[in-house]
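Data block for query_35.cif (mmCIF, C-alpha atoms):
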data_entry
loop_
_atom_site.label_atom_id
_atom_site.label_comp_id
_atom_site.auth_asym_id
_atom_site.auth_seq_id
_atom_site.Cartn_x
_atom_site.Cartn_y
_atom_site.Cartn_z
CA ASN A 36 13.97 -21.24 13.10
CA ALA A 37 15.23 -19.68 9.88
CA GLY A 38 11.87 -19.31 8.09
CA VAL A 39 12.51 -17.84 4.64
CA THR A 40 16.10 -17.10 3.70
CA GLN A 41 17.18 -15.13 0.65
CA THR A 42 20.64 -14.96 -0.82
CA PRO A 43 22.35 -12.73 -1.64
CA LYS A 44 21.24 -9.71 0.41
CA PHE A 45 22.79 -7.17 -1.97
CA ARG A 46 24.13 -7.30 -5.48
CA VAL A 47 25.28 -4.87 -8.14
CA LEU A 48 25.24 -6.03 -11.74
CA LYS A 49 26.14 -4.53 -15.05
CA THR A 50 23.57 -4.41 -17.83
CA GLY A 51 23.50 -7.72 -19.66
CA GLN A 52 24.90 -9.82 -16.83
CA SER A 53 22.99 -12.75 -15.48
CA MET A 54 22.40 -13.92 -11.94
CA THR A 55 20.24 -16.16 -9.79
CA LEU A 56 18.53 -15.25 -6.54
CA LEU A 57 17.97 -18.11 -4.14
CA CYS A 58 15.05 -18.46 -1.76
CA ALA A 59 14.96 -21.26 0.80
CA GLN A 60 12.22 -22.04 3.31
CA ASP A 61 12.29 -24.58 6.09
CA MET A 62 8.57 -24.56 6.95
CA ASN A 63 7.50 -27.23 4.43
CA HIS A 64 5.29 -24.69 2.67
CA GLU A 65 3.70 -25.64 -0.63
CA TYR A 66 3.43 -22.18 -2.16
CA MET A 67 6.33 -19.87 -2.90
CA TYR A 68 6.42 -16.44 -4.53
CA TRP A 69 8.81 -13.88 -5.92
CA TYR A 70 7.90 -10.20 -5.70
CA ARG A 71 9.61 -6.97 -6.57
CA GLN A 72 9.07 -3.74 -4.66
CA ASP A 73 9.73 -0.36 -6.21
CA PRO A 74 9.34 3.09 -4.60
CA GLY A 75 5.74 4.26 -4.48
CA MET A 76 4.42 0.94 -5.68
CA GLY A 77 3.07 -2.11 -3.96
CA LEU A 78 4.78 -5.44 -4.14
CA ARG A 79 4.26 -6.92 -7.60
CA LEU A 80 4.22 -10.65 -8.18
CA ILE A 81 6.83 -11.87 -10.65
CA HIS A 82 6.37 -15.64 -10.57
CA TYR A 83 5.00 -18.13 -8.13
CA SER A 84 4.87 -21.86 -7.49
CA VAL A 85 2.11 -23.98 -6.02
CA GLY A 86 4.35 -26.97 -5.39
CA GLU A 87 7.58 -28.73 -6.23
CA GLY A 88 8.16 -28.84 -9.97
CA THR A 89 5.53 -26.20 -10.77
CA THR A 90 5.87 -22.52 -11.70
CA ALA A 91 3.49 -19.90 -13.01
CA LYS A 92 3.65 -16.31 -14.18
CA GLY A 93 2.58 -13.43 -12.02
CA GLU A 94 1.90 -9.82 -12.88
CA VAL A 95 5.39 -8.85 -14.12
CA PRO A 96 7.19 -11.99 -15.37
CA ASP A 97 9.07 -10.57 -18.37
CA GLY A 98 12.85 -10.77 -18.08
CA TYR A 99 12.75 -13.35 -15.28
CA ASN A 100 12.74 -17.12 -15.07
CA VAL A 101 12.16 -19.39 -12.09
CA SER A 102 12.61 -22.97 -11.04
CA ARG A 103 11.33 -25.07 -8.15
CA LEU A 104 13.25 -28.32 -8.36
CA LYS A 105 13.02 -28.89 -4.62
CA LYS A 106 10.09 -28.03 -2.41
CA GLN A 107 12.17 -25.88 -0.11
CA ASN A 108 13.90 -23.82 -2.81
CA PHE A 109 12.62 -21.29 -5.33
CA LEU A 110 15.15 -19.71 -7.67
CA LEU A 111 14.70 -16.46 -9.57
CA GLY A 112 16.93 -15.91 -12.59
CA LEU A 113 17.75 -12.81 -14.57
CA GLU A 114 19.19 -13.90 -17.90
CA SER A 115 20.23 -10.46 -19.14
CA ALA A 116 19.88 -7.81 -16.47
CA ALA A 117 18.45 -4.41 -17.39
CA PRO A 118 18.43 -1.15 -15.38
CA SER A 119 14.63 -1.45 -15.13
CA GLN A 120 15.17 -4.53 -12.97
CA THR A 121 16.82 -2.48 -10.25
CA SER A 122 14.58 -3.18 -7.30
CA VAL A 123 14.17 -4.91 -3.97
CA TYR A 124 13.18 -8.53 -4.44
CA PHE A 125 11.21 -10.42 -1.84
CA CYS A 126 10.56 -14.12 -1.68
CA ALA A 127 7.61 -15.41 0.28
CA SER A 128 6.04 -18.74 1.13
CA SER A 129 2.71 -19.91 2.49
CA ILE A 130 1.33 -23.22 3.68
CA ARG A 131 -1.29 -23.16 0.97
CA ASP A 132 -2.92 -20.50 -1.11
CA ALA A 133 -1.89 -17.09 0.28
CA GLY A 134 -5.39 -15.82 -0.22
CA SER A 135 -6.37 -17.66 2.92
CA GLN A 136 -3.04 -18.21 4.61
CA PRO A 137 -0.45 -15.61 5.61
CA GLN A 138 2.68 -15.23 3.57
CA HIS A 139 6.06 -15.38 5.27
CA PHE A 140 8.65 -13.16 3.65
CA GLY A 141 12.39 -13.30 3.39
CA ASP A 142 14.29 -10.14 4.28
CA GLY A 143 14.85 -9.13 0.68
CA THR A 144 17.57 -8.79 -1.93
CA ARG A 145 18.57 -5.32 -3.03
CA LEU A 146 19.63 -5.48 -6.64
CA SER A 147 21.13 -2.63 -8.63
CA ILE A 148 21.70 -2.83 -12.36
CA LEU A 149 24.14 -0.30 -13.75
CA ARG B 136 -7.57 3.54 -11.14
CA LYS B 137 -5.34 1.26 -9.07
CA GLU B 138 -6.87 -2.02 -7.95
CA VAL B 139 -5.86 -1.32 -4.36
CA GLU B 140 -5.37 2.25 -3.22
CA GLN B 141 -3.93 3.64 -0.04
CA ASP B 142 -3.15 7.14 1.14
CA PRO B 143 0.67 7.14 1.16
CA GLY B 144 0.81 9.50 4.14
CA PRO B 145 2.89 10.09 6.10
CA PHE B 146 0.57 10.18 9.05
CA ASN B 147 2.48 11.90 11.83
CA VAL B 148 0.76 11.51 15.19
CA PRO B 149 1.81 11.87 18.84
CA GLU B 150 2.37 8.86 21.03
CA GLY B 151 -0.86 7.75 22.66
CA ALA B 152 -3.08 9.04 19.88
CA THR B 153 -5.58 7.01 17.90
CA VAL B 154 -4.99 6.82 14.19
CA ALA B 155 -6.97 5.21 11.40
CA PHE B 156 -6.44 4.74 7.72
CA ASN B 157 -8.35 3.13 4.91
CA CYS B 158 -7.65 1.10 1.86
CA THR B 159 -10.02 0.98 -1.10
CA TYR B 160 -10.26 -1.84 -3.62
CA SER B 161 -11.84 -1.84 -7.03
CA ASN B 162 -12.98 -5.44 -7.50
CA SER B 163 -16.26 -6.03 -5.71
CA ALA B 164 -15.69 -9.80 -5.89
CA SER B 165 -12.51 -9.61 -3.82
CA GLN B 166 -12.42 -12.42 -1.32
CA SER B 167 -9.74 -11.95 1.32
CA PHE B 168 -8.17 -8.96 2.97
CA PHE B 169 -5.09 -8.45 5.11
CA TRP B 170 -3.00 -5.79 6.74
CA TYR B 171 0.76 -6.24 6.68
CA ARG B 172 3.32 -4.11 8.43
CA GLN B 173 6.65 -3.22 6.85
CA ASP B 174 9.45 -1.53 8.74
CA CYS B 175 11.97 0.56 6.86
CA ARG B 176 14.16 -1.64 4.65
CA LYS B 177 12.63 -4.78 6.12
CA GLU B 178 10.28 -7.46 4.87
CA PRO B 179 6.48 -7.25 5.19
CA LYS B 180 4.98 -9.11 8.11
CA LEU B 181 1.35 -10.07 8.58
CA LEU B 182 -0.37 -7.79 11.07
CA MET B 183 -3.87 -9.17 10.84
CA SER B 184 -6.45 -10.70 8.57
CA VAL B 185 -9.65 -8.74 8.00
CA TYR B 186 -12.86 -10.65 8.43
CA SER B 187 -16.34 -9.64 7.37
CA SER B 188 -17.34 -9.22 10.99
CA GLY B 189 -14.25 -7.16 11.74
CA ASN B 190 -11.57 -8.21 14.13
CA GLU B 191 -9.53 -6.84 16.95
CA ASP B 192 -6.08 -7.72 18.21
CA GLY B 193 -5.05 -5.69 21.21
CA ARG B 194 -4.76 -2.06 20.15
CA PHE B 195 -5.45 -2.87 16.51
CA THR B 196 -8.90 -3.12 14.94
CA ALA B 197 -9.59 -4.00 11.33
CA GLN B 198 -12.91 -3.51 9.57
CA LEU B 199 -14.27 -4.46 6.17
CA ASN B 200 -16.93 -2.45 4.39
CA ARG B 201 -17.98 -4.43 1.33
CA ALA B 202 -20.67 -1.97 0.26
CA SER B 203 -18.15 0.85 -0.06
CA GLN B 204 -15.26 -1.47 -0.94
CA TYR B 205 -12.74 -0.49 1.65
CA ILE B 206 -10.96 -1.91 4.64
CA SER B 207 -9.73 0.09 7.58
CA LEU B 208 -7.12 -0.19 10.29
CA LEU B 209 -7.48 1.56 13.62
CA ILE B 210 -4.59 1.82 16.05
CA ARG B 211 -5.38 2.95 19.58
CA ASP B 212 -2.91 4.27 22.15
CA SER B 213 -0.18 4.40 19.51
CA LYS B 214 3.38 3.53 20.50
CA LEU B 215 6.66 4.70 19.03
CA SER B 216 7.16 1.12 17.84
CA ASP B 217 4.05 1.39 15.66
CA SER B 218 6.00 3.61 13.25
CA ALA B 219 6.08 1.67 10.02
CA THR B 220 4.42 1.38 6.63
CA TYR B 221 1.11 -0.48 6.63
CA LEU B 222 0.30 -2.48 3.53
CA CYS B 223 -3.20 -3.38 2.49
CA VAL B 224 -3.47 -6.72 0.71
CA VAL B 225 -6.49 -7.89 -1.27
CA ARG B 226 -7.12 -11.22 -2.90
CA LYS B 227 -9.18 -10.78 -6.04
CA ASP B 228 -10.18 -14.37 -6.64
CA SER B 229 -9.17 -17.93 -5.91
CA SER B 230 -5.99 -17.80 -7.97
CA ALA B 231 -2.73 -17.60 -6.04
CA SER B 232 -1.58 -14.94 -8.48
CA LYS B 233 -4.43 -12.55 -7.76
CA ILE B 234 -3.09 -11.13 -4.53
CA ILE B 235 -2.68 -7.38 -4.82
CA PHE B 236 -0.57 -5.26 -2.49
CA GLY B 237 -1.29 -1.63 -1.90
CA SER B 238 1.66 0.75 -1.98
CA GLY B 239 1.34 1.35 1.73
CA THR B 240 0.54 4.07 4.25
CA ARG B 241 3.47 5.44 6.18
CA LEU B 242 2.87 6.07 9.87
CA SER B 243 5.24 8.00 12.10
CA ILE B 244 4.63 8.22 15.85
CA ARG B 245 6.37 11.11 17.58
CA PRO B 246 7.23 11.25 21.30
#
Translate this structure into structure tokens?
Amino acid sequence: NAGVTQTPKFRVLKTGQSMTLLCAQDMNHEYMYWYRQDPGMGLRLIHYSVGEGTTAKGEVPDGYNVSRLKKQNFLLGLESAAPSQTSVYFCASSIRDAGSQPQHFGDGTRLSIL
Amino acid sequence: RKEVEQDPGPFNVPEGATVAFNCTYSNSASQSFFWYRQDCRKEPKLLMSVYSSGNEDGRFTAQLNRASQYISLLIRDSKLSDSATYLCVVRKDSSASKIIFGSGTRLSIRP
């Protein structure tokens, strides 16, 4: 049972480059989330989705875009990477609203922007 | 003031000891509370939900104190495998975006 799978696991980009992080879940969860985790800080919500075809902004959405064309996939895009986006990115999913249901996390993507 | 605050630690305790740490939250209307565990360079995993009446799961006990706006986690008979960072998670309201993670408390169990 794969659960939540993130690709890639690691990536190094140059400032200004673009890339897409892929999150896939096989649990038929409605809700999906993208977080970033920086040293000394809690996970911060970037964007989230409450179902196929929907997306919404979280706490720190600037510089990122997302798409949820299929229920099982949630893509996070960086159009023009900046050093401030160096972080560990986690995708998560939950059956319904994560306020009442546990979130299942992928094992993260470590992204460095030079 | 942060919306969810945790003592970063590290808490360094001997195997077999009992250890407890708290997490304070600023929004008195917060609705749901959780403890997650995160191992070094790994993803967070749900440890337990925190109910108003408190709850226990084996060696772990979670309590909620709404009057003082904090939740606590107690670990009894600590094991080496309990070494991890413990994240406090608070849901502020019914919106899916209002889930706030604390920055975590690092626990290290020594032999």
Taking only C-alpha atoms into account, what are the residues of chain A at most 10 Å from chain B, put as a compact mmCIF listing (two decimals) with C-alpha atoms, keeping the file's coordinate frame?
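This is the output file result-v8.txt:
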# COMPACT_ATOMS: atom_id res chain seq x y z
CA TYR A 66 3.43 -22.18 -2.16
CA MET A 67 6.33 -19.87 -2.90
CA TYR A 68 6.42 -16.44 -4.53
CA GLN A 72 9.07 -3.74 -4.66
CA ASP A 73 9.73 -0.36 -6.21
CA PRO A 74 9.34 3.09 -4.60
CA GLY A 75 5.74 4.26 -4.48
CA MET A 76 4.42 0.94 -5.68
CA GLY A 77 3.07 -2.11 -3.96
CA LEU A 78 4.78 -5.44 -4.14
CA ARG A 79 4.26 -6.92 -7.60
CA LEU A 80 4.22 -10.65 -8.18
CA ILE A 81 6.83 -11.87 -10.65
CA HIS A 82 6.37 -15.64 -10.57
CA TYR A 83 5.00 -18.13 -8.13
CA SER A 84 4.87 -21.86 -7.49
CA VAL A 85 2.11 -23.98 -6.02
CA ALA A 91 3.49 -19.90 -13.01
CA LYS A 92 3.65 -16.31 -14.18
CA GLY A 93 2.58 -13.43 -12.02
CA GLU A 94 1.90 -9.82 -12.88
CA VAL A 123 14.17 -4.91 -3.97
CA TYR A 124 13.18 -8.53 -4.44
CA PHE A 125 11.21 -10.42 -1.84
CA CYS A 126 10.56 -14.12 -1.68
CA ALA A 127 7.61 -15.41 0.28
CA ARG A 131 -1.29 -23.16 0.97
CA ASP A 132 -2.92 -20.50 -1.11
CA ALA A 133 -1.89 -17.09 0.28
CA GLY A 134 -5.39 -15.82 -0.22
CA SER A 135 -6.37 -17.66 2.92
CA GLN A 136 -3.04 -18.21 4.61
CA PRO A 137 -0.45 -15.61 5.61
CA GLN A 138 2.68 -15.23 3.57
CA HIS A 139 6.06 -15.38 5.27
CA PHE A 140 8.65 -13.16 3.65
CA GLY A 141 12.39 -13.30 3.39
CA ASP A 142 14.29 -10.14 4.28
CA GLY A 143 14.85 -9.13 0.68
CA ARG A 145 18.57 -5.32 -3.03
At a cut-off of 12 Å around the point (-17.3, -4.5, -0.4) (file coordinates), what residues fall inside when counting all atoms listed in the file? I'd like the answer as a ChimeraX atom specification. /B:158-168,186-187,198-207,225,227
Coordinates-based distance that separates atom CA of Gln60 of chain A from atom CA of Ala37 of chain A (Å, one decimal): 7.6 Å
Give as a ChimeraX atom specification the set of residues within 7 Å of the point (1.8, 10.0, 14.8), where distances use the file's coordinates and all atoms listed in the file. /B:146-150,242-245
What box, with edges along x, y and z, holds each listed atom of segment 47-66 of chain A when 6 Å is added on every side, and can you state its centre and edge lengths in Å to one decimal, as JSON?
{"center_x": 14.8, "center_y": -15.8, "center_z": -6.4, "size_x": 34.7, "size_y": 34.8, "size_z": 38.6}
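Taking atom CA of Leu113 of chain A and atom CA of Thr50 of chain A as endpoints, the distance between them is 10.7 Å.
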Could you list, as an mmCIF file with C-alpha atoms, keeping the file's coordinate frame, every residue matched by the PyMOL selection byres ((chain A and resi 43) around 10) in this structure?
data_model
loop_
_atom_site.group_PDB
_atom_site.id
_atom_site.type_symbol
_atom_site.label_atom_id
_atom_site.label_comp_id
_atom_site.auth_asym_id
_atom_site.auth_seq_id
_atom_site.Cartn_x
_atom_site.Cartn_y
_atom_site.Cartn_z
ATOM 1 C CA THR A 40 16.100 -17.100 3.700
ATOM 2 C CA GLN A 41 17.180 -15.130 0.650
ATOM 3 C CA THR A 42 20.640 -14.960 -0.820
ATOM 4 C CA LYS A 44 21.240 -9.710 0.410
ATOM 5 C CA PHE A 45 22.790 -7.170 -1.970
ATOM 6 C CA ARG A 46 24.130 -7.300 -5.480
ATOM 7 C CA THR A 55 20.240 -16.160 -9.790
ATOM 8 C CA LEU A 56 18.530 -15.250 -6.540
ATOM 9 C CA LEU A 57 17.970 -18.110 -4.140
ATOM 10 C CA CYS A 58 15.050 -18.460 -1.760
ATOM 11 C CA GLY A 143 14.850 -9.130 0.680
ATOM 12 C CA THR A 144 17.570 -8.790 -1.930
ATOM 13 C CA ARG A 145 18.570 -5.320 -3.030
ATOM 14 C CA LEU A 146 19.630 -5.480 -6.640
#
Residue neighbourhood Ile148 of chain A, 9 Å, all atoms listed in the file, exclusion window fewer than 2 positions, as a short mmCIF file (atom, residue, chain, number, x, y, z; two decimals) with C-alpha atoms, in the frame of the given file:
data_model
loop_
_atom_site.label_atom_id
_atom_site.label_comp_id
_atom_site.auth_asym_id
_atom_site.auth_seq_id
_atom_site.Cartn_x
_atom_site.Cartn_y
_atom_site.Cartn_z
CA ARG A 46 24.13 -7.30 -5.48
CA VAL A 47 25.28 -4.87 -8.14
CA LEU A 48 25.24 -6.03 -11.74
CA LYS A 49 26.14 -4.53 -15.05
CA THR A 50 23.57 -4.41 -17.83
CA GLY A 51 23.50 -7.72 -19.66
CA GLN A 52 24.90 -9.82 -16.83
CA ALA A 116 19.88 -7.81 -16.47
CA ALA A 117 18.45 -4.41 -17.39
CA PRO A 118 18.43 -1.15 -15.38
CA SER A 119 14.63 -1.45 -15.13
CA GLN A 120 15.17 -4.53 -12.97
CA THR A 121 16.82 -2.48 -10.25
CA SER A 122 14.58 -3.18 -7.30
CA LEU A 146 19.63 -5.48 -6.64
#
Report, in Å to a single decimal, how far apart atom CA of Val185 of chain B and atom CA of Ala152 of chain B are.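 About the pair atom CA of Ala152 of chain B and atom CA of Val185 of chain B: they are 22.4 Å apart.
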Neighbouring residues of Gly112 of chain A were defined as those with any atom within 8 Å, considering all atoms listed in the file; residues of the same chain fewer than 4 positions away were excluded. Please report them as number ranges by chain. A: 53-56, 99-101
